[in-house]
Every structure is written in structure tokens, then in C-alpha cells.
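This report refers to the structure that appears directly beneath it.
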Amino acid sequence: MLDIKKIRSEFPALHQMVHDSPLVYFDNGATTQKPDVVIERVQHYYENENSNIHRGVHYLSQEATSRHEEARVIIQKFINAADSKEIIFTKGTTESINLVASSFSKKFISEGDEIIVTEMEHHANIVPWQQVCEEKGAHLKVVAVLEDGSLDMESYKMLLSDRTKIIAVTHISNVTGVINPIKEIIELAHGQNIPVLIDGAQGVSHTKVDVQELDCDFYVFSGHKLFAPMGIGVLYGKESWLEKLPPYQTGGEMIKNVSFERTTFNELPFKFEAGTPNVGGALGLAAAIEYITAIGIEDIEAHEKELLDYGTQQLSKIENLRIIGTSDNKASVISFIFEDIHHYDAGTILDQLGIAVRTGNHCAQPLMKRFGLSGTIRAAFAFYNTKEEIDKLVSSINRVRKMFI
Amino acid sequence: MLDIKKIRSEFPALHQMVHDSPLVYFDNGATTQKPDVVIERVQHYYENENSNIHRGVHYLSQEATSRHEEARVIIQKFINAADSKEIIFTKGTTESINLVASSFSKKFISEGDEIIVTEMEHHANIVPWQQVCEEKGAHLKVVAVLEDGSLDMESYKMLLSDRTKIIAVTHISNVTGVINPIKEIIELAHGQNIPVLIDGAQGVSHTKVDVQELDCDFYVFSGHKLFAPMGIGVLYGKESWLEKLPPYQTGGEMIKNVSFERTTFNELPFKFEAGTPNVGGALGLAAAIEYITAIGIEDIEAHEKELLDYGTQQLSKIENLRIIGTSDNKASVISFIFEDIHHYDAGTILDQLGIAVRTGNHCAQPLMKRFGLSGTIRAAFAFYNTKEEIDKLVSSINRVRKMFI
Amino acid sequence: MSIESSAAEIVEEFEMFDTWLDKYNYIIELGQELEGLDSQFKEQKYLISGCQSQVWLTAEFNDGKVYFKADSDAIITKGIVYLLIRVLSGNTPTAIVDYDLSFLEKIGLKEHLSPTRSNGLNSMIKQIKLYALVYQTKEKQR
Amino acid sequence: MSIESSAAEIVEEFEMFDTWLDKYNYIIELGQELEGLDSQFKEQKYLISGCQSQVWLTAEFNDGKVYFKADSDAIITKGIVYLLIRVLSGNTPTAIVDYDLSFLEKIGLKEHLSPTRSNGLNSMIKQIKLYALVYQTKEKQR
Ligand SMILES: Cc1ncc(COP(=O)(O)O)c(C=O)c1O
Ligand SMILES: Cc1ncc(COP(=O)(O)O)c(C=O)c1O
């Protein structure tokens, strides 16, 4: 059981008034708030340890290098990667996907090849692949989504072909919270020797991830959705794949030797890390991971499940409210619409009542189109949220309904 | 005149003991220390304002969006760009250069074309262009460096041709501190309608930059070398160029509409900013710029000039010490070698004495080759450094010499 | 009525409300009042991009003056665009292009009525001014 | 002498020094003492990458034991690689592959003798173990 009161006291941003009401922060799908330990870790770094890393012989540089590489190991352990060199620091999920799409396609995509994504992907896991297809004359194949928000696995199986070169699928939908059967998806793909990239932007913060057990080839996520600062993210890749991919960005750190005749690149993980890394961000991410690990991912999952069940139950009672994504394999995210009130109108008044929900298409226009919607209202619960906050959401929705109907 | 004592008190990292000696931080070419106002700005953001931006209708998101866009305007004013949409946030110089190299070459580089760089560039301003040349069958042309570390302008003029498609040159050498005549370089290039990218990684922190007066087409720099956090950087581009270039990374934020049939991209500056931006970093950078602007760039330049002159004079007295880069148009950076002691040996012992200098090739192997060196020792002075610290460097060098000779 | 006096009138109206609730209720009322557009105008080419809700805007040029009509699928947005139209519609292109719309700030709903990217107000104002600019240019060319 | 006892010997030697200055002076002395390599070995193929200074390392396999020789253009690096060689040279491939080199930490020059990327110690150890591994495999294949 989580000590929610203690936990909430550790997140300074949760304790503020918004439009004269205490903030209820349910926009965790967009970004999460940060615990003191993370904020302080970054501050401590800049006050005491700040230095450019890897090549400096002086004390600060060596220390910062050690901390940075320790952070890599903490991340490795967190997702149970086989080796810390399989952890590449990026600025976020979007960059991680762009990296793989760019480097993978340079070597492995040619005309007529196929790439599989799903109808529920975030734009970050669609557009880079679309660009690759356009450049290479390849084709984007799209797995359909069923009425309850889950993947149509039959559609997936039918799309798998000997022209499929890579599959990119989200772990958890950022719109509906639906958890995809990624293990099965990966197994089926591997049966035909096709690598799979998992977009874990929403995955890591809601559930335990074990990349070796999943056997995924790439797993990507953002720090800022995992209680860590912005500007830092992760690309996990199997060593064998990372070895095969050409570098992405080039410059300092990622090279071994440069001459105008010939440049040789560094080893993993540095080969993919051009330029001065975001050391402060990496340390913040490591601190966030240590924080949630100490709380316990299982306990977090249990608490979030409670919130999900309670929220679903309470919201379902509201007239003309429809939940999008009714599959029962879901993380603590509830997207809903009103049959009679526009999501923007509702979101605006909820904001006035101190409730931060996200409204709109959630960077998932194809999924909106699938459901014939222009947008939804999304309440994404983190482990620091409470049932009382859900009650507040419900009573606020009732006020909203009174204003418009 | 700067109030150095006050200034130093505002940089917490400067006040620490390293190996039992008070730290003398001369590794400012690699990264600079951060003033309290910057550290606090980031902290304040995460404690009070943290939110994902641009698309949220709720209070925190709107506020964070406003702060982020205000930061863009502060940067615009700082380098006197014509419009804030000419300021693109990146993670640093390396990414900015990769962005331009990739997007520019997609549209404007074909087989047989030429790209001009110089022999004194940082690897970040060589390798991306080298990669482009390799991909497109274009040729990299290299402006020679003279014995005093300055550019051979005759060599530059001879390389300019009707096959030249872009010129990429550093504002200030990160090895020697030599300031390039970029205005003249740009004028000559523009005489033949060739755009110029200026690598301002070392430029912005040492001298006033006015991109309109320079008339450069692109100017790039990193926040962390300008007293701001890591993980944030800037690409300035003339609107007309940025409009012409295709997007670089793709995903959320930078798109207008996504469907599996067709994706349309957003306007400037968002077109080049895929994914959740580093809002905390952007605010930190804005705070750093406000801080140094309040101190006064002219006063900073004057103080650094004093340090440069004093340092040059004092170091020149030391036996068997040779300064690399003797041109008299220099920023406050001194690279030197000993004829009889390896730079690594010297750097190691200087570190034991509390002095942080950088040793090695400074990610500029071609320049090392030009001077027949395997590396140098570099003392890069920031405005918070003092003559007393230079004295300490000199006396420490004398101790080093005693140990090895 | 001149732009300035319509704007002043609106500011005055809003001053009567003490709470954000009343202000929003009023905007909602305005939104419900605003005559919508015929479905023939609810097309891609009249759609203003950059808003979370869909906003369609049409303009007509008559006797040296520009007349706007608008619609939105969200009521609050409709109320807001109503305010813009009430102030600007029926004025000369030049007057519209030049007017700075600072009255919006005085209404006291900063987060909605200050032009940030997310609420789409910026895009609406841009589109309105663009129409005016086009007519202004056309007039000059005659 | 076994690897363990050479290592213990070195740790003991360093215990005699109180200050980092003395320790470095000793390393410098060792570096100056270490017989360098002939110029024919100072070639790309013997060069260890990842060090700020250049380090060349050669190995010979004789009677079931591996013998190392090394050189560097930096004296401190030469002193450090001397310590490694002194402990490891003349041992069986298996002993070398298995030894964990934790004695380096006990010497008390953490920033130099703990394997971080920047000082190149990591690369030296890797290269030494790689040689040993190759000979180990060769032996097994016979
Ligand atoms: C499923 C999913 N993928 C990708 C992203 C993009 O993440 P970022 O903006 O941090 O790069 C998000 C964030 O909104 C997401 O929810
Ligand atoms: C001249 C120059 N260019 C580019 C860079 C690369 O900057 P960053 O590592 O911040 O991307 C540096 C930093 O060392 C530099 O000094």
C-alpha cells in the first residue's frame, strides 16, 4: 500500500492553487510532475558537479563521467537490459524513434518493403516511419483498432509478410490507456525474423518493463513522463541491432578518429550519442527511477488499478459521457467524450475549477478518425493521484454539464 | 568594470575544494558553470510551472507555453534575430549542425557539389558535412589554417566556386581562441549567393553577436557553454532559409495534420521542433542570457581581454612552453604545450593541484594534425575567472615542471 | 459604431460580472446566440487551423467594409469569435488591420483572451487580419 | 610470483606514501624506469584506443604464459601500465582473464586507477585481457 500523503508531499508542483482552486493534476499522460529528489538531484549537479564529460582528465569531469555512466546502469537495471551499452541517451521518445527510423532505414529498407504500425500510435511513432517510406518507396501498413480500443490481432497477423522489415507499436495507448499484447506481437514478428520497436512513452511509468523477457529489439521512452526532467530520454536497443545500425547524428563524443579523409566511429553506446550529453537530465532520470523503484512498481500498479476502476465506475454514471477504450486490459488512463458538450468547452471549465485534464486529439489523429471524434478529454492518473481527486473531477463535470446543457 | 567578487559568489560550483585545493575552473571551453539564477529558474519551473506545452488548455500548460515562447523572444533579442520564429530550440550545437546539414543537403546538395569547412573546426562541424558529402557524392573543401592559428583567407577565396553550396565555419576556435573574420567570410560567400553557417558554440559566450549585422544564414550554439543547463541549444536560421528546408525530426508538435495518406507540417519555428521540448532548459537559457546581459557583454569582453593579455604574458615566460594560436584577434582561450612534458601528464598533476584545464585534442583532430600535435593544454577563461587564478596556474605549472624535468 | 467604441462596450459589459463563472456563462450565452454558418461554409477552406476546436470564418467585402461570419463546434470558442466579429465586422480593411485588440486583455479572462498558441485566438485574429489585408491590397490596386 | 602476491606487493609499496605527490612521484619514477618499446612496435596495430595519451602494448606467448611489454608517450600512463604489466605479465592466460584488478583501487589514486573511460585504464585492461583470451582460446583448440 502506498503512503499517498507522504508521496504527495514529495511533489512540490502538486500543492498549488489554480484559478483559486487546489490543483488536481490529471495531465500525466502529457508530462508527469517531479519529486523533490529529482529536482534536488539536478540542482545538486549544477551546484557541485557540473562538467563536460568523457574526455576530461580533471576531477569534476571524471566525477561527472562516473555519475553519468552510473545513471546508464540504473536505467539498464530498471528495464533489465543485458548490458549498459544497450542504453542510449536521447532527448526523448520522439528522438529515439527518429534515430531508429533513420538509421534502420538507411541500411535495411528498400523500395517495396513494408513497415507495420498501428492505428493507435502517437504521431511520433507514425510520421518518422511515413517519412522513411516516402524516401525509400516503402509502404506503411496499419494494424486496425477494434471498437473497445484494443488492437485487431487478426489484422496484425494478416499484415505480417516477408516484405515486412520492422514493426513499431506502442506499449500503452496514450489516448485510451489500452495495453497492447506486445509479447505476443513480438513473438509473432520474431517468428518471421522481423524486429519490433516498442514505444514505451506511456509504458514505463505504468508497468514493470523487462526488455529481455519481452525480447523486444528496441524500447524507447521519455524521462519527463517518468517523473524526470525534460530533455532526456532513452533508446534501448539490442546490442546486435545497435551494432548493425549506422550512426545517426555525428560530431563530438561519438567518433574515434577524424580526418578529412576518413572518420571512424566510437563504440556503443557512444556511437549514437553525438555532442555534449544532458548530464543533469541523465542524473535526474536516474534519481526518478530510484525513487519509484523504492516505492515499488507493483504497489504503484496496484494503486493505479484502483484509481482506474474507481474512475471508470464513477465516470460511467454520468449522463451522456462515453469512455473511449473499454478493453479491460488498461493502464490508469481514461479518455471520454460527452455526446452533447465539446471537449474544448468541458476542458476549459474544468480548468477553471482547478482540474488539469488534456483535451484534443492527443497527437493521435488517426485514432480520432477511427472513432469518428475530433478529440477526447483525457484523465491520466499517476500514482500520486487519489480517489478524492477523482470525486472532485466527477463533481466538477457535473458543474460543467449544468453550464452547457 | 565587473564586480568579480559578487559575480563569483553567484556561481556555487566555483566554491569547492578539489583534491584539497580550492577549485580553479578553466575548462570553460568545454562547459561553463551556472549562476544561481539559472539553477533556481530551472528548479522553480519544476516546482511550480512544469507542464507539457502548446496544446494544453489548462492553466499550467498555458503558462508554461507562454514562458517557453518568452524565452524564445529573449534569445531572439540576444542575437538580434529579425523574428522569434527564426529561433529553433535544439539540444545543442551538435544537433543544430546536424539538423542543417541533413535538411539542407536533402534539398540543395547533389553529386559534384562542394561544401567548405575549415581546418580549425570542431568535429561537430566536420563530420555531419563529411557524412552529407559521402551520401550525396559531394566534396568537402577545407580552408587552411596559418601558423598563428588564423584562417588562410587566400585559401578560402580560392576554394569558393560555383559548385560551393554552403560554408560552415566556426566563429571562435575552441582550441586556440582565434576569432575568425566571419563578416568578411559571409560577405565573400554572399557575393556568390552561397549561404554560411556559423558555429557559435564558443562565439556567444565571449562576444556580442548580431546575426542581422553579420548577415549569416545560420548561427548555432549550446546553452551549456553560455552558463545555461545542458540539453538545450539554439539554431538561428534566416526565415527564408528555414522556410525552404524540409523538416528534420518528425513527430508531435511539428505537424499540423496526420493521416496515413498525408501529413502536413506546422509553421516555423515548430516545424523543426519535434517532440516535447526541453522547457526547463529553455527557461534556464533565457535566465542565463538575462544574467549576462545585465552584467553587460562589453564589460565581460573587457575583463576577458585583460585575462587573456595577462595570461598570455605570464605563460610566455615559462620555459619550454609554447602557445598554440598567436594571432592577436583572440578570445580568452589559451592553448599551450610543453616541448618536454606530455599534455596528459601536465593536466593530471594540475588537476591534483585543483586546476581544471582541458587536455587532449579538443575534438579538433584535424587542427592537431595541422600543428603536428597529439594534444594541447587549454585554459579557457570565463568572466568569473581572475588574475589570481592565472597566477595559481602559473605557479602550479612550475610545480609540474619540477616533477617531470 | 467605431471599433474602439464596440470594444469599450464589451469591456463595460464584462465589468458587470464579478466571477469567472459569470463571465463564462456570458460567453457561452453569446456563443449560443451567434448565428452559425450554413453547412456549405463548414469546409476545409474556411477552417482556421491551430485551434483545438474547429472554427470556420468567412468574410465579405461590401461598400468598402468587411463583414465577417463565423462558427465553431465549441460554444466557448463561438462566444469568443463572436466578440471579435462584433468589434471588427463592418469596418474598413485598414481599420481592421491596424486595430490591436488589446481590449481582450481588459475583459479579464487572460488565459482565453490573450493570444497564446493553444487556444487558437492567435489563429483567429491572424485570419481576420489576413482577410482585411487582402481587401486592403485589392482596393489599393484599383 | 602469483598475481595476488605481486598485487599485494604493489599495494604495500604505495602504503608507504602519505601524499598524492609522493604517489605520483613514484608512478613517474616507474614510468621513467619502464623499458620502452622499440619504434617498430609503435604502430597503429599495437596502439590502444580510448586513451588521451598513446599507449602501445605487445604480448608474447611462451611456455603457457603471457608476457607483456608496453610504452606510452606520457610518463604517468607509462607508470600505470607498468603496474599492470608487473602484476599480470608472466602468468597463464586463464589467470589473467580471471583476475579482477581490484588492487588498483587500494592504491588510493582513485581518479587514475579506477577504470573510467577518460583515463584509458579501461582500454588498457580490456586489451590485456583480450590478448590473454586469445591465447586461452588457442590453447584450448590444440
Ligand atoms: C505513446 C507516446 N509516444 C510518443 C510520445 C512522444 O514523447 P516525447 O514528446 O516525449 O518525445 C508520447 C508523448 O506524448 C506518447 O504518449
Ligand atoms: C566550436 C565548437 N563547436 C561545436 C561544439 C559542440 O557543442 P555541443 O557538444 O554542445 O553540441 C563545441 C563544444 O565543444 C565547440 O567548441
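Going through the C-alpha cells in order, the chains are called A, B, and so on, while each chain numbers its residues from 1 and the ligands are numbered from 1 in the order shown.
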
* Contact residues (chain B, partner chain C, 9 Å, only C-alpha atoms) as a VMD selection string -> chain B and resid 53 to 59 61 to 63 65 to 66 256

Closest pair table for chain B residues within 7 Å of ligand 1, only C-alpha atoms and all ligand atoms, as CSV:
residue,atom,partner,partner_atom_place_in_ligand_line,distance
B:Gly252,CA,ligand 1,9 (O),6.3
B:Gly275,CA,ligand 1,9 (O),3.7
B:Thr276,CA,ligand 1,9 (O),3.6

* When you draw a straight line from CA of Leu285 (chain B) to CA of Phe218 (chain B), how long is it in Å? -> 19.1 Å

* Per-residue DSSP, region 115-240 of chain B, filtered to strand (DSSP E), as a PyMOL selection string -> chain B and resi 115-118+139-143+164-170+196-199+218-222+233-237

Generate a file of the selected residues that holds N, CA and C atoms, formatted as an mmCIF file, in the first residue's frame.
data_model
loop_
_atom_site.group_PDB
_atom_site.id
_atom_site.type_symbol
_atom_site.label_atom_id
_atom_site.label_comp_id
_atom_site.auth_asym_id
_atom_site.auth_seq_id
_atom_site.Cartn_x
_atom_site.Cartn_y
_atom_site.Cartn_z
ATOM 1 N N ILE B 115 31.168 21.593 -50.379
ATOM 2 C CA ILE B 115 30.871 22.210 -49.084
ATOM 3 C C ILE B 115 32.211 22.650 -48.503
ATOM 4 N N ILE B 116 32.260 23.877 -47.992
ATOM 5 C CA ILE B 116 33.526 24.376 -47.444
ATOM 6 C C ILE B 116 33.479 24.404 -45.921
ATOM 7 N N VAL B 117 34.469 23.793 -45.296
ATOM 8 C CA VAL B 117 34.678 23.945 -43.845
ATOM 9 C C VAL B 117 36.124 24.415 -43.664
ATOM 10 N N THR B 118 36.572 24.519 -42.419
ATOM 11 C CA THR B 118 37.965 24.927 -42.217
ATOM 12 C C THR B 118 38.707 23.874 -41.409
ATOM 13 N N HIS B 139 31.762 17.054 -52.367
ATOM 14 C CA HIS B 139 33.156 17.130 -51.914
ATOM 15 C C HIS B 139 33.323 18.147 -50.797
ATOM 16 N N LEU B 140 34.107 17.760 -49.797
ATOM 17 C CA LEU B 140 34.395 18.647 -48.684
ATOM 18 C C LEU B 140 35.688 19.397 -48.995
ATOM 19 N N LYS B 141 35.616 20.725 -48.959
ATOM 20 C CA LYS B 141 36.806 21.543 -49.215
ATOM 21 C C LYS B 141 37.206 22.200 -47.908
ATOM 22 N N VAL B 142 38.496 22.263 -47.659
ATOM 23 C CA VAL B 142 38.960 22.677 -46.339
ATOM 24 C C VAL B 142 39.848 23.911 -46.404
ATOM 25 N N VAL B 143 39.422 24.973 -45.752
ATOM 26 C CA VAL B 143 40.227 26.194 -45.693
ATOM 27 C C VAL B 143 41.403 25.967 -44.741
ATOM 28 N N THR B 164 30.263 25.517 -54.944
ATOM 29 C CA THR B 164 30.107 25.617 -53.488
ATOM 30 C C THR B 164 28.640 25.821 -53.131
ATOM 31 N N LYS B 165 28.114 24.980 -52.271
ATOM 32 C CA LYS B 165 26.701 25.092 -51.932
ATOM 33 C C LYS B 165 26.471 25.667 -50.539
ATOM 34 N N ILE B 166 27.413 25.472 -49.635
ATOM 35 C CA ILE B 166 27.273 26.034 -48.286
ATOM 36 C C ILE B 166 28.651 26.072 -47.629
ATOM 37 N N ILE B 167 28.818 27.021 -46.711
ATOM 38 C CA ILE B 167 30.082 27.171 -45.986
ATOM 39 C C ILE B 167 29.777 27.074 -44.499
ATOM 40 N N ALA B 168 30.556 26.264 -43.803
ATOM 41 C CA ALA B 168 30.346 26.102 -42.364
ATOM 42 C C ALA B 168 31.643 26.420 -41.652
ATOM 43 N N VAL B 169 31.615 27.455 -40.825
ATOM 44 C CA VAL B 169 32.855 27.913 -40.210
ATOM 45 C C VAL B 169 32.593 28.351 -38.773
ATOM 46 N N THR B 170 33.569 28.139 -37.931
ATOM 47 C CA THR B 170 33.394 28.490 -36.522
ATOM 48 C C THR B 170 33.644 29.980 -36.319
ATOM 49 N N VAL B 196 25.976 30.750 -45.418
ATOM 50 C CA VAL B 196 27.035 30.459 -44.449
ATOM 51 C C VAL B 196 26.424 30.080 -43.106
ATOM 52 N N LEU B 197 26.905 28.975 -42.565
ATOM 53 C CA LEU B 197 26.539 28.585 -41.197
ATOM 54 C C LEU B 197 27.710 28.924 -40.286
ATOM 55 N N ILE B 198 27.411 29.639 -39.189
ATOM 56 C CA ILE B 198 28.451 29.965 -38.217
ATOM 57 C C ILE B 198 28.256 29.089 -36.984
ATOM 58 N N ASP B 199 29.307 28.354 -36.624
ATOM 59 C CA ASP B 199 29.309 27.575 -35.386
ATOM 60 C C ASP B 199 29.658 28.536 -34.258
ATOM 61 N N PHE B 218 22.869 30.950 -40.940
ATOM 62 C CA PHE B 218 22.601 30.112 -39.779
ATOM 63 C C PHE B 218 23.636 30.429 -38.707
ATOM 64 N N TYR B 219 23.193 30.436 -37.476
ATOM 65 C CA TYR B 219 24.119 30.621 -36.353
ATOM 66 C C TYR B 219 23.672 29.653 -35.265
ATOM 67 N N VAL B 220 24.594 28.832 -34.776
ATOM 68 C CA VAL B 220 24.204 27.772 -33.831
ATOM 69 C C VAL B 220 25.025 27.852 -32.557
ATOM 70 N N PHE B 221 24.398 27.525 -31.447
ATOM 71 C CA PHE B 221 25.163 27.462 -30.194
ATOM 72 C C PHE B 221 24.489 26.568 -29.155
ATOM 73 N N SER B 222 25.228 26.293 -28.071
ATOM 74 C CA SER B 222 24.763 25.419 -26.987
ATOM 75 C C SER B 222 24.503 26.243 -25.738
ATOM 76 N N GLY B 233 19.886 23.988 -26.783
ATOM 77 C CA GLY B 233 20.731 24.731 -27.703
ATOM 78 C C GLY B 233 19.871 25.463 -28.691
ATOM 79 N N VAL B 234 20.508 26.179 -29.584
ATOM 80 C CA VAL B 234 19.771 27.040 -30.487
ATOM 81 C C VAL B 234 20.265 26.864 -31.922
ATOM 82 N N LEU B 235 19.318 26.869 -32.827
ATOM 83 C CA LEU B 235 19.620 27.052 -34.234
ATOM 84 C C LEU B 235 18.927 28.336 -34.656
ATOM 85 N N TYR B 236 19.734 29.342 -34.989
ATOM 86 C CA TYR B 236 19.153 30.504 -35.641
ATOM 87 C C TYR B 236 19.258 30.270 -37.137
ATOM 88 N N GLY B 237 18.187 30.539 -37.864
ATOM 89 C CA GLY B 237 18.236 30.479 -39.320
ATOM 90 C C GLY B 237 17.421 31.622 -39.870
#

Contact table chain B vs ligand 2, cut-off 6 Å, shortest pair per residue, only C-alpha atoms and all ligand atoms, as a tab-separated table:
residue	atom	partner	partner_atom_place_in_ligand_line	distance
B:Ala30	CA	ligand 2	14 (O)	5.2
B:Gly92	CA	ligand 2	11 (O)	4.4
B:Thr93	CA	ligand 2	11 (O)	3.9
B:Thr94	CA	ligand 2	11 (O)	3.6
B:His122	CA	ligand 2	3 (N)	4.9
B:Ala124	CA	ligand 2	4 (C)	5.2
B:Thr170	CA	ligand 2	1 (C)	5.9
B:Ser173	CA	ligand 2	1 (C)	5.7
B:Asn174	CA	ligand 2	16 (O)	4.5
B:Asp199	CA	ligand 2	3 (N)	5.7
B:Ala201	CA	ligand 2	2 (C)	4.7
B:Gln202	CA	ligand 2	16 (O)	5.4
B:Ser222	CA	ligand 2	10 (O)	4.8

* **Long-range neighbours of region 389-398 of chain B as an MDAnalysis selection string, 9 Å cut-off, only C-alpha atoms, 2 positions minimum in chain** => chainID B and resid 24:26 307 310:311 314:315 318 346 349:350 353 355 385:387 400:403

* Selection: 8 Å around region 26-31 of chain C, only C-alpha atoms, excl. self and same-chain fewer than 2 positions, as a count of residues only -> 13

* So how many Å separate CA of Ala380 (chain A) and CA of His68 (chain B), to one decimal? ->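 Computing the Euclidean distance for CA of Ala380 (chain A) and CA of His68 (chain B) yields 23.8 Å.
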
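Note that the spacing between CA of Asp299 (chain B) and CA of Val73 (chain B) amounts to 23.5 Å.
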
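Residues lying within 10 Å of Leu308 (chain A), counting only C-alpha atoms and ignoring same-chain neighbours fewer than 3 positions away, are Gly177, Ala302, His303, Glu304, Lys305, Gly311, Thr312, Gln313, Gln314, Lys330, Ala331, Ser332, Val333, Ile334, Ala379, Ala380, Phe381, Lys387 and Ile390 of chain A.
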
Just write the chosen residues, N, CA, C and O atoms, as a PDB file, in the first residue's frame.
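Contents of again_21.pdb, as written:
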ATOM      1  N   GLY A 177      -5.289   4.321 -22.936  1.00  0.00           N
ATOM      2  CA  GLY A 177      -4.678   3.553 -21.859  1.00  0.00           C
ATOM      3  C   GLY A 177      -4.619   2.062 -22.137  1.00  0.00           C
ATOM      4  O   GLY A 177      -4.126   1.289 -21.309  1.00  0.00           O
ATOM      5  N   ALA A 302      -0.775  -1.411  -8.399  1.00  0.00           N
ATOM      6  CA  ALA A 302      -1.984  -1.755  -7.649  1.00  0.00           C
ATOM      7  C   ALA A 302      -2.809  -0.497  -7.361  1.00  0.00           C
ATOM      8  O   ALA A 302      -4.033  -0.474  -7.538  1.00  0.00           O
ATOM      9  N   HIS A 303      -2.119   0.551  -6.928  1.00  0.00           N
ATOM     10  CA  HIS A 303      -2.826   1.799  -6.627  1.00  0.00           C
ATOM     11  C   HIS A 303      -3.464   2.378  -7.886  1.00  0.00           C
ATOM     12  O   HIS A 303      -4.612   2.838  -7.871  1.00  0.00           O
ATOM     13  N   GLU A 304      -2.739   2.328  -8.979  1.00  0.00           N
ATOM     14  CA  GLU A 304      -3.271   2.883 -10.219  1.00  0.00           C
ATOM     15  C   GLU A 304      -4.467   2.080 -10.720  1.00  0.00           C
ATOM     16  O   GLU A 304      -5.400   2.632 -11.298  1.00  0.00           O
ATOM     17  N   LYS A 305      -4.419   0.790 -10.486  1.00  0.00           N
ATOM     18  CA  LYS A 305      -5.543  -0.065 -10.874  1.00  0.00           C
ATOM     19  C   LYS A 305      -6.802   0.350 -10.107  1.00  0.00           C
ATOM     20  O   LYS A 305      -7.897   0.440 -10.672  1.00  0.00           O
ATOM     21  N   GLY A 311     -12.368   5.333 -11.067  1.00  0.00           N
ATOM     22  CA  GLY A 311     -12.651   6.394 -12.037  1.00  0.00           C
ATOM     23  C   GLY A 311     -13.629   5.920 -13.107  1.00  0.00           C
ATOM     24  O   GLY A 311     -14.590   6.611 -13.449  1.00  0.00           O
ATOM     25  N   THR A 312     -13.392   4.719 -13.594  1.00  0.00           N
ATOM     26  CA  THR A 312     -14.254   4.172 -14.652  1.00  0.00           C
ATOM     27  C   THR A 312     -15.691   4.048 -14.136  1.00  0.00           C
ATOM     28  O   THR A 312     -16.646   4.460 -14.801  1.00  0.00           O
ATOM     29  N   GLN A 313     -15.777   3.529 -12.937  1.00  0.00           N
ATOM     30  CA  GLN A 313     -17.078   3.320 -12.316  1.00  0.00           C
ATOM     31  C   GLN A 313     -17.808   4.657 -12.112  1.00  0.00           C
ATOM     32  O   GLN A 313     -18.980   4.809 -12.479  1.00  0.00           O
ATOM     33  N   GLN A 314     -17.112   5.636 -11.568  1.00  0.00           N
ATOM     34  CA  GLN A 314     -17.740   6.928 -11.272  1.00  0.00           C
ATOM     35  C   GLN A 314     -18.112   7.678 -12.547  1.00  0.00           C
ATOM     36  O   GLN A 314     -19.186   8.254 -12.642  1.00  0.00           O
ATOM     37  N   LYS A 330      -6.122  -2.336 -19.382  1.00  0.00           N
ATOM     38  CA  LYS A 330      -5.814  -0.917 -19.483  1.00  0.00           C
ATOM     39  C   LYS A 330      -4.936  -0.402 -18.353  1.00  0.00           C
ATOM     40  O   LYS A 330      -4.992  -0.898 -17.236  1.00  0.00           O
ATOM     41  N   ALA A 331      -4.146   0.608 -18.656  1.00  0.00           N
ATOM     42  CA  ALA A 331      -3.437   1.349 -17.618  1.00  0.00           C
ATOM     43  C   ALA A 331      -4.357   2.480 -17.143  1.00  0.00           C
ATOM     44  O   ALA A 331      -5.436   2.690 -17.695  1.00  0.00           O
ATOM     45  N   SER A 332      -3.917   3.214 -16.131  1.00  0.00           N
ATOM     46  CA  SER A 332      -4.790   4.187 -15.475  1.00  0.00           C
ATOM     47  C   SER A 332      -4.983   5.478 -16.277  1.00  0.00           C
ATOM     48  O   SER A 332      -4.600   6.568 -15.851  1.00  0.00           O
ATOM     49  N   VAL A 333      -5.543   5.313 -17.439  1.00  0.00           N
ATOM     50  CA  VAL A 333      -5.831   6.439 -18.322  1.00  0.00           C
ATOM     51  C   VAL A 333      -7.290   6.303 -18.750  1.00  0.00           C
ATOM     52  O   VAL A 333      -7.696   5.228 -19.173  1.00  0.00           O
ATOM     53  N   ILE A 334      -8.055   7.373 -18.598  1.00  0.00           N
ATOM     54  CA  ILE A 334      -9.443   7.334 -19.069  1.00  0.00           C
ATOM     55  C   ILE A 334      -9.699   8.490 -20.022  1.00  0.00           C
ATOM     56  O   ILE A 334      -9.557   9.648 -19.653  1.00  0.00           O
ATOM     57  N   ALA A 379      -8.159  11.914 -18.722  1.00  0.00           N
ATOM     58  CA  ALA A 379      -7.648  11.974 -17.349  1.00  0.00           C
ATOM     59  C   ALA A 379      -6.670  10.818 -17.196  1.00  0.00           C
ATOM     60  O   ALA A 379      -7.056   9.658 -17.273  1.00  0.00           O
ATOM     61  N   ALA A 380      -5.391  11.154 -17.045  1.00  0.00           N
ATOM     62  CA  ALA A 380      -4.365  10.119 -16.900  1.00  0.00           C
ATOM     63  C   ALA A 380      -3.849  10.182 -15.470  1.00  0.00           C
ATOM     64  O   ALA A 380      -3.305  11.194 -15.051  1.00  0.00           O
ATOM     65  N   PHE A 381      -4.069   9.095 -14.728  1.00  0.00           N
ATOM     66  CA  PHE A 381      -3.717   9.090 -13.308  1.00  0.00           C
ATOM     67  C   PHE A 381      -2.295   8.584 -13.088  1.00  0.00           C
ATOM     68  O   PHE A 381      -1.887   7.580 -13.658  1.00  0.00           O
ATOM     69  N   LYS A 387      -8.416   8.952  -4.993  1.00  0.00           N
ATOM     70  CA  LYS A 387      -9.849   8.826  -5.248  1.00  0.00           C
ATOM     71  C   LYS A 387     -10.569  10.147  -4.988  1.00  0.00           C
ATOM     72  O   LYS A 387     -11.540  10.483  -5.665  1.00  0.00           O
ATOM     73  N   ILE A 390     -10.519  12.121  -7.936  1.00  0.00           N
ATOM     74  CA  ILE A 390     -11.481  11.629  -8.931  1.00  0.00           C
ATOM     75  C   ILE A 390     -12.889  12.119  -8.577  1.00  0.00           C
ATOM     76  O   ILE A 390     -13.654  12.540  -9.451  1.00  0.00           O
TER      77      ILE A 390
END

* Distance criterion (only C-alpha atoms): nearest to Lys138 (chain C) out of C:Thr94, C:Gln54, C:Ser6, C:Phe14 -> C:Thr94

* Contact residues around Ala95 (chain D) with only C-alpha atoms at 9 Å, ignoring same-chain residues under 6 positions, as a list in words ->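 Neighbouring residues, sequence-local ones excluded: Ile3, Leu88 and Ala132 of chain D.
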
Generate the output file for the selected residues, N, CA and C atoms, as a PDB file, in the first residue's frame.
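The result, written out as out07.pdb:
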ATOM      1  N   ILE D   3      49.847 -13.636  -9.251  1.00  0.00           N
ATOM      2  CA  ILE D   3      49.234 -12.338  -9.481  1.00  0.00           C
ATOM      3  C   ILE D   3      48.892 -11.669  -8.159  1.00  0.00           C
ATOM      4  N   LEU D  88      50.549  -8.680 -14.072  1.00  0.00           N
ATOM      5  CA  LEU D  88      49.943  -9.691 -14.945  1.00  0.00           C
ATOM      6  C   LEU D  88      50.930 -10.455 -15.829  1.00  0.00           C
ATOM      7  N   ALA D 132      45.041 -12.179 -23.536  1.00  0.00           N
ATOM      8  CA  ALA D 132      45.015 -13.404 -22.738  1.00  0.00           C
ATOM      9  C   ALA D 132      43.925 -14.362 -23.238  1.00  0.00           C
TER      10      ALA D 132
END

* **Selection: 10 Å around Pro181 (chain B), only C-alpha atoms, excl. self and same-chain fewer than 3 positions, as a list in words** => Ser150, Leu151, Met153, Thr170, His171, Ile172, Val178, Glu184, Ile185, Ile186 and Asn329 of chain B
